[in-house]
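First comes the structure, then the notes that go with it.
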Amino acid sequence: MYKCNLCGSDDLIPLIDFGNHPVVKHYLNNLSTPSPKSYPVKLYFCEDCGLTQLVDSCPPEVIYDNYVTLSAWKFQPQVQHEIDVVKSMLDISLNQKIIEIGSNDGEFLLQMSENGFTNTLGIEPAKDAYDLSVAKGIKTLNVYLNPQSSCDIINQYGQFDLLISRQNLEHMSDLSGVANSIQALVKTAGYVLIEVPNFACNLRCKDYALWEEHVNYFTIDTLRYFLGQAGVEIIHEEIFQFSGEGIFVIGRKVTDASQTLSYVPALRDQNVKYATEWPQFQSAFREFLLSYKRAGKKIAVYGAGARVFCLINFTGIAEFIDVIVDDQLEKQDKFMPGGKIPIKPSSALYLEDIDLCLLGVNTENEEKVIGKHTKWVDKGGAFWSVLPPSDRLLKIWGNSEV
Ligand SMILES: [Zn+2]
């Protein structure tokens with residue numbers, strides 16, 4: 001029996017069982033390394049609040065004790081825009097109190113301070129990310145957010161004018177505890193800035209590249225419901241392209257946040273359709289790559305990232321992939337966990353006579369990757385994407401010529 005991360009209901013229905021898989025950022029140093037432990041990846045839907053979520057997933061301490069996915073590694077074009085929105089639309093002055101939960105290596109708060117904000121505090125549980133944040137001069141606490149730590153923070157610093165949470169609510173299984181903490185930490189009429197991945201994009205684009213670290217899959221409706229539990233009403237919302245799609249909202253703490261669940265039946269239908277289409281998608285993907293291999297062609301994947309690793313493991317296509325290429329030095333000469341595919345620099349496209357390269361990078365970075373390898377394309381190499389919402393997706397997504 002599972003309980004909903006958001007509303008606590010036990011009325012959860014199973015959507016997709018992706019099987020058991022290792023944590024994708026635990027790269028293997030060599031093929032004789034024992035396989036890391038696998039954990040279930042099971043997607044469920046809450047009939048009461050409509051939150052799609054993983055149940056029974058990998059314990060947080062396995063993922064977060066040392067967290068090597070640092071935010072500065074990722075190209076985040078949305079950051080300055082978000083800060084501009086905060087500056088332009090809010091009656092917030094540069095010296096008001098700001099707290100960021102899950103502040104990672106402090107990059108966002110650093111950019112806030114470069115924009116003139118002087119009174120910021122970061123909360124970051126992962127020791128390696130915390131150390132980097134402190135080294136940048138960002139005031140940071142090395143704690144998990146929970147009712148006790150929130151209470152301690154309020155006792156020491158008081159309540160805050162603005163609370164920031166970017167790309168971390170999707171990682172937290174105790175959402176009702178987080179809602180209580182947000183409500184406690186933010187002053188009445190204070191603001192929140194929230195960014196989460198947009199699961200509506202997955203539903204719309206048949207995007208099954210979920211990530212075991214993401215236990216919650218929000219749409220704007222379930223995010224609004226969550227914020228309502230924290231006493232926060234959304235006053236500004238945007239959808240943007242980042243690692244799929246993201247939702248960016250500004251909310252304001254009110255005394256009577258409205259709550260509706262009228263979106264649940266339509267969202268349920270979309271989730272059920274998404275789940276129903278999975279087996280067919282999986283077999284079509286395998287068939288396509290198998291036919292390519294039977295024709296004697298070689299296949300690479302570009303990008304040693306979490307989403308594409310999960311997609312490879314969930315669909316079981318590792319046997320068809322000759323190599324993963326990535327120009328980030330830290331990832332090279334290692335092997336992908338699960339599929340055990342070697343990771344090499346992108347020169348492997350040329351050296352290994354690759355015919356087809358599946359783009360496993362975020363859509364916003366595809367042009368740059370292709371631009372670096374025009375010589376390979378001139379030789380007859382073909383780039384196609386496997387991560388929505390790209391317009392270069394393979395035809396198994398129903399919209400390309402390949
Ligand atoms: Zn629920």
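Within each chain, counting starts at residue 1; across the structure tokens, chains are named A, B, ... in the order shown, with ligands numbered 1 upward in that order.
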Environment of ligand 1 within 7 Å, counting only C-alpha atoms and all ligand atoms, reported as a compact mmCIF listing (two decimals) with C-alpha atoms, in the first residue's frame:
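Below you can see result.txt, which holds the result:
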# COMPACT_ATOMS: atom_id res chain seq x y z
CA CYS A 4 0.50 9.94 -2.14
CA ASN A 5 3.51 12.24 -1.72
CA LEU A 6 1.24 15.27 -1.90
CA CYS A 7 -2.14 14.54 -0.32
CA GLY A 8 -1.44 11.36 1.66
CA SER A 9 -4.24 9.40 -0.04
CA CYS A 46 -3.09 9.69 -7.32
CA GLU A 47 -6.84 9.51 -7.92
CA ASP A 48 -7.45 12.20 -5.28
CA CYS A 49 -5.03 15.04 -6.13
CA GLY A 50 -3.80 14.02 -9.60
CA LEU A 51 -0.09 13.93 -8.77
message: Taking 4 positions as the minimum chain separation for residues in the same chain, which residues sit within 9 Å of Asp322 in chain A when counting only C-alpha atoms? Answer as a list in words.
response: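 Contacts, with the query itself left out: Lys298, Ile299, Ala300, Val301, Ala318, Ile341, Pro342, Glu352 and Ile354 of chain A.
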Show me a table, sorted first by chain and then by increasing residue number, of the residues of range 84-203 of chain A having an atom at most 10 Å from range 255-267 of chain A, each with its shortest atom pair and the distance in Å to one decimal, counting only C-alpha atoms and written as a tab-separated table.
residue	atom	partner	partner_atom	distance
A:Thr188	CA	A:Thr255	CA	7.5
A:Ala189	CA	A:Thr255	CA	8.6
A:Ala200	CA	A:Leu267	CA	9.1
A:Leu203	CA	A:Leu267	CA	9.4
message: Just want the 8 Å neighbourhood of Tyr302 in chain A, counted on only C-alpha atoms, with same-chain residues fewer than 2 positions away dropped. Output as a list in words.
response: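 Within the cut-off, the hits are Ala300, Ala304, Ile324, Val325, Asp326, Ser346, Cys357, Leu358, Leu359, Gly360 and Val361 of chain A.
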Please write the residues from the selection above to a file, keeping C-alpha atoms, as an mmCIF file, in the first residue's frame.
data_model
loop_
_atom_site.group_PDB
_atom_site.id
_atom_site.type_symbol
_atom_site.label_atom_id
_atom_site.label_comp_id
_atom_site.auth_asym_id
_atom_site.auth_seq_id
_atom_site.Cartn_x
_atom_site.Cartn_y
_atom_site.Cartn_z
ATOM 1 C CA ALA A 300 25.902 6.260 -31.025
ATOM 2 C CA ALA A 304 25.906 10.986 -21.051
ATOM 3 C CA ILE A 324 27.882 7.042 -25.910
ATOM 4 C CA VAL A 325 29.781 10.225 -26.757
ATOM 5 C CA ASP A 326 30.210 13.150 -24.396
ATOM 6 C CA SER A 346 32.757 12.884 -29.607
ATOM 7 C CA CYS A 357 23.753 9.448 -33.683
ATOM 8 C CA LEU A 358 20.796 9.733 -31.325
ATOM 9 C CA LEU A 359 20.794 13.131 -29.635
ATOM 10 C CA GLY A 360 20.351 12.629 -25.904
ATOM 11 C CA VAL A 361 20.948 16.266 -25.007
#
- prompt: range 109-265 of chain A: which residues are helix (DSSP H, G or I) by DSSP, as a PyMOL selection string?
  reply: chain A and resi 109-114+127-135+147-157+169-171+175-185+199-205+220-229+264-265
I need the chosen residues saved as an mmCIF file, in the first residue's frame, with C-alpha atoms.
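Here's the written file selection.cif:
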data_model
loop_
_atom_site.group_PDB
_atom_site.id
_atom_site.type_symbol
_atom_site.label_atom_id
_atom_site.label_comp_id
_atom_site.auth_asym_id
_atom_site.auth_seq_id
_atom_site.Cartn_x
_atom_site.Cartn_y
_atom_site.Cartn_z
ATOM 1 C CA LEU A 109 22.099 33.008 -5.309
ATOM 2 C CA LEU A 110 25.420 34.161 -6.760
ATOM 3 C CA GLN A 111 23.549 35.546 -9.742
ATOM 4 C CA MET A 112 20.999 37.138 -7.371
ATOM 5 C CA SER A 113 23.853 38.869 -5.570
ATOM 6 C CA GLU A 114 25.336 40.001 -8.899
ATOM 7 C CA LYS A 127 28.004 18.162 1.273
ATOM 8 C CA ASP A 128 29.929 18.556 -2.004
ATOM 9 C CA ALA A 129 27.462 21.130 -3.368
ATOM 10 C CA TYR A 130 27.394 22.952 0.012
ATOM 11 C CA ASP A 131 31.208 23.212 0.062
ATOM 12 C CA LEU A 132 31.230 24.772 -3.406
ATOM 13 C CA SER A 133 28.505 27.224 -2.431
ATOM 14 C CA VAL A 134 30.390 28.370 0.677
ATOM 15 C CA ALA A 135 33.587 28.724 -1.382
ATOM 16 C CA PRO A 147 9.854 20.842 10.087
ATOM 17 C CA GLN A 148 12.684 20.852 12.680
ATOM 18 C CA SER A 149 15.266 22.584 10.471
ATOM 19 C CA SER A 150 12.630 25.129 9.331
ATOM 20 C CA CYS A 151 11.867 25.898 12.953
ATOM 21 C CA ASP A 152 15.584 26.338 13.734
ATOM 22 C CA ILE A 153 16.035 28.628 10.730
ATOM 23 C CA ILE A 154 13.069 30.801 11.722
ATOM 24 C CA ASN A 155 14.381 31.046 15.290
ATOM 25 C CA GLN A 156 17.742 32.239 14.024
ATOM 26 C CA TYR A 157 16.814 34.334 10.963
ATOM 27 C CA LEU A 169 10.273 19.923 -5.388
ATOM 28 C CA GLU A 170 10.259 17.049 -7.884
ATOM 29 C CA HIS A 171 12.915 15.320 -5.752
ATOM 30 C CA LEU A 175 5.545 17.230 -0.098
ATOM 31 C CA SER A 176 3.073 17.975 2.666
ATOM 32 C CA GLY A 177 6.004 18.504 5.059
ATOM 33 C CA VAL A 178 7.626 20.803 2.481
ATOM 34 C CA ALA A 179 4.354 22.738 2.123
ATOM 35 C CA ASN A 180 4.276 23.247 5.894
ATOM 36 C CA SER A 181 7.905 24.404 5.878
ATOM 37 C CA ILE A 182 7.240 26.887 3.045
ATOM 38 C CA GLN A 183 4.206 28.245 4.873
ATOM 39 C CA ALA A 184 6.276 28.706 8.021
ATOM 40 C CA LEU A 185 9.332 30.225 6.345
ATOM 41 C CA PHE A 199 5.038 16.730 -16.833
ATOM 42 C CA ALA A 200 2.379 17.994 -19.255
ATOM 43 C CA CYS A 201 5.190 17.997 -21.842
ATOM 44 C CA ASN A 202 5.882 14.286 -21.158
ATOM 45 C CA LEU A 203 2.179 13.500 -21.514
ATOM 46 C CA ARG A 204 1.858 15.505 -24.719
ATOM 47 C CA CYS A 205 5.104 14.322 -26.391
ATOM 48 C CA ILE A 220 0.611 23.507 -13.465
ATOM 49 C CA ASP A 221 -2.586 22.202 -11.809
ATOM 50 C CA THR A 222 -0.895 19.893 -9.315
ATOM 51 C CA LEU A 223 1.720 22.573 -8.599
ATOM 52 C CA ARG A 224 -1.095 25.050 -7.891
ATOM 53 C CA TYR A 225 -2.714 22.511 -5.563
ATOM 54 C CA PHE A 226 0.596 21.937 -3.762
ATOM 55 C CA LEU A 227 1.172 25.680 -3.320
ATOM 56 C CA GLY A 228 -2.372 26.059 -2.030
ATOM 57 C CA GLN A 229 -1.426 23.656 0.758
ATOM 58 C CA VAL A 264 -8.167 15.563 -11.801
ATOM 59 C CA PRO A 265 -10.482 13.604 -14.196
#
query: What's the 9 Å shell around Val192 in chain A, counting only C-alpha atoms, without same-chain residues fewer than 5 positions away, as a ChimeraX atom specification?
result: /A:161-165,182,186,232,234,249-253
Given the selection you just returned, output its residues as a file containing N, CA and C atoms, formatted as a short mmCIF file (atom, residue, chain, number, x, y, z; two decimals), in the first residue's frame.
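Now in part_6.cif:
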data_model
loop_
_atom_site.label_atom_id
_atom_site.label_comp_id
_atom_site.auth_asym_id
_atom_site.auth_seq_id
_atom_site.Cartn_x
_atom_site.Cartn_y
_atom_site.Cartn_z
N ASP A 161 11.13 37.20 3.01
CA ASP A 161 10.29 37.93 2.05
C ASP A 161 10.12 37.15 0.76
N LEU A 162 11.12 36.34 0.43
CA LEU A 162 11.06 35.57 -0.82
C LEU A 162 11.70 34.22 -0.57
N LEU A 163 10.99 33.14 -0.94
CA LEU A 163 11.54 31.79 -0.86
C LEU A 163 11.67 31.26 -2.29
N ILE A 164 12.84 30.70 -2.57
CA ILE A 164 13.11 30.18 -3.91
C ILE A 164 13.27 28.67 -3.84
N SER A 165 12.66 27.97 -4.79
CA SER A 165 12.87 26.52 -4.91
C SER A 165 12.91 26.19 -6.39
N ILE A 182 7.33 25.66 3.86
CA ILE A 182 7.24 26.89 3.05
C ILE A 182 6.31 27.88 3.74
N VAL A 186 7.85 31.63 4.99
CA VAL A 186 7.54 32.85 4.23
C VAL A 186 6.62 33.75 5.05
N VAL A 232 -0.14 29.49 -0.53
CA VAL A 232 0.43 30.37 -1.56
C VAL A 232 -0.44 30.33 -2.81
N ILE A 234 -0.71 31.41 -6.91
CA ILE A 234 0.14 31.76 -8.06
C ILE A 234 -0.32 33.09 -8.65
N VAL A 249 6.88 29.71 -11.72
CA VAL A 249 5.80 30.53 -11.17
C VAL A 249 6.33 31.44 -10.06
N ILE A 250 5.62 32.58 -9.92
CA ILE A 250 5.77 33.41 -8.74
C ILE A 250 4.45 33.27 -7.98
N GLY A 251 4.55 33.02 -6.67
CA GLY A 251 3.35 32.92 -5.86
C GLY A 251 3.44 33.88 -4.68
N ARG A 252 2.29 34.11 -4.07
CA ARG A 252 2.26 35.03 -2.93
C ARG A 252 1.50 34.38 -1.78
N LYS A 253 2.06 34.50 -0.59
CA LYS A 253 1.41 33.89 0.57
C LYS A 253 0.19 34.71 0.97
#
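Close contacts of Asn362 in chain A, defined as residues with an atom at most 8 Å away when counting only C-alpha atoms, with chain neighbours fewer than 6 positions off set aside, comprise Phe242, Ser243, Gly244 and Leu387 of chain A.
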message: Which residues are near Ser385 in chain A? Cut-off 12 Å, only C-alpha atoms, ignore same chain within fewer than 3 positions. Put them as a ChimeraX atom specification.
response: /A:207,300-303,308,356-367,369-370,382,388-397,399-400,402
- line: note - CA of Val41 in chain A and CA of Leu15 in chain A are separated by 11.0 Å
field: Distance of CA of Leu349 in chain A from CA of Gln328 in chain A, expressed in Å to one decimal place
entry: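 Separating CA of Gln328 in chain A from CA of Leu349 in chain A is a distance of 15.3 Å.
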Length of the CA of Ile235 in chain A to CA of Ile101 in chain A vector [Å]: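 Those two atoms sit 20.4 Å apart.
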task: Pick out the closest residue to Phe45 in chain A from this set: A:Pro60, A:Pro14, A:Gly381, A:Gly296. Count only C-alpha atoms.
output: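 Result for the nearest residue to Phe45 in chain A: A:Pro14.
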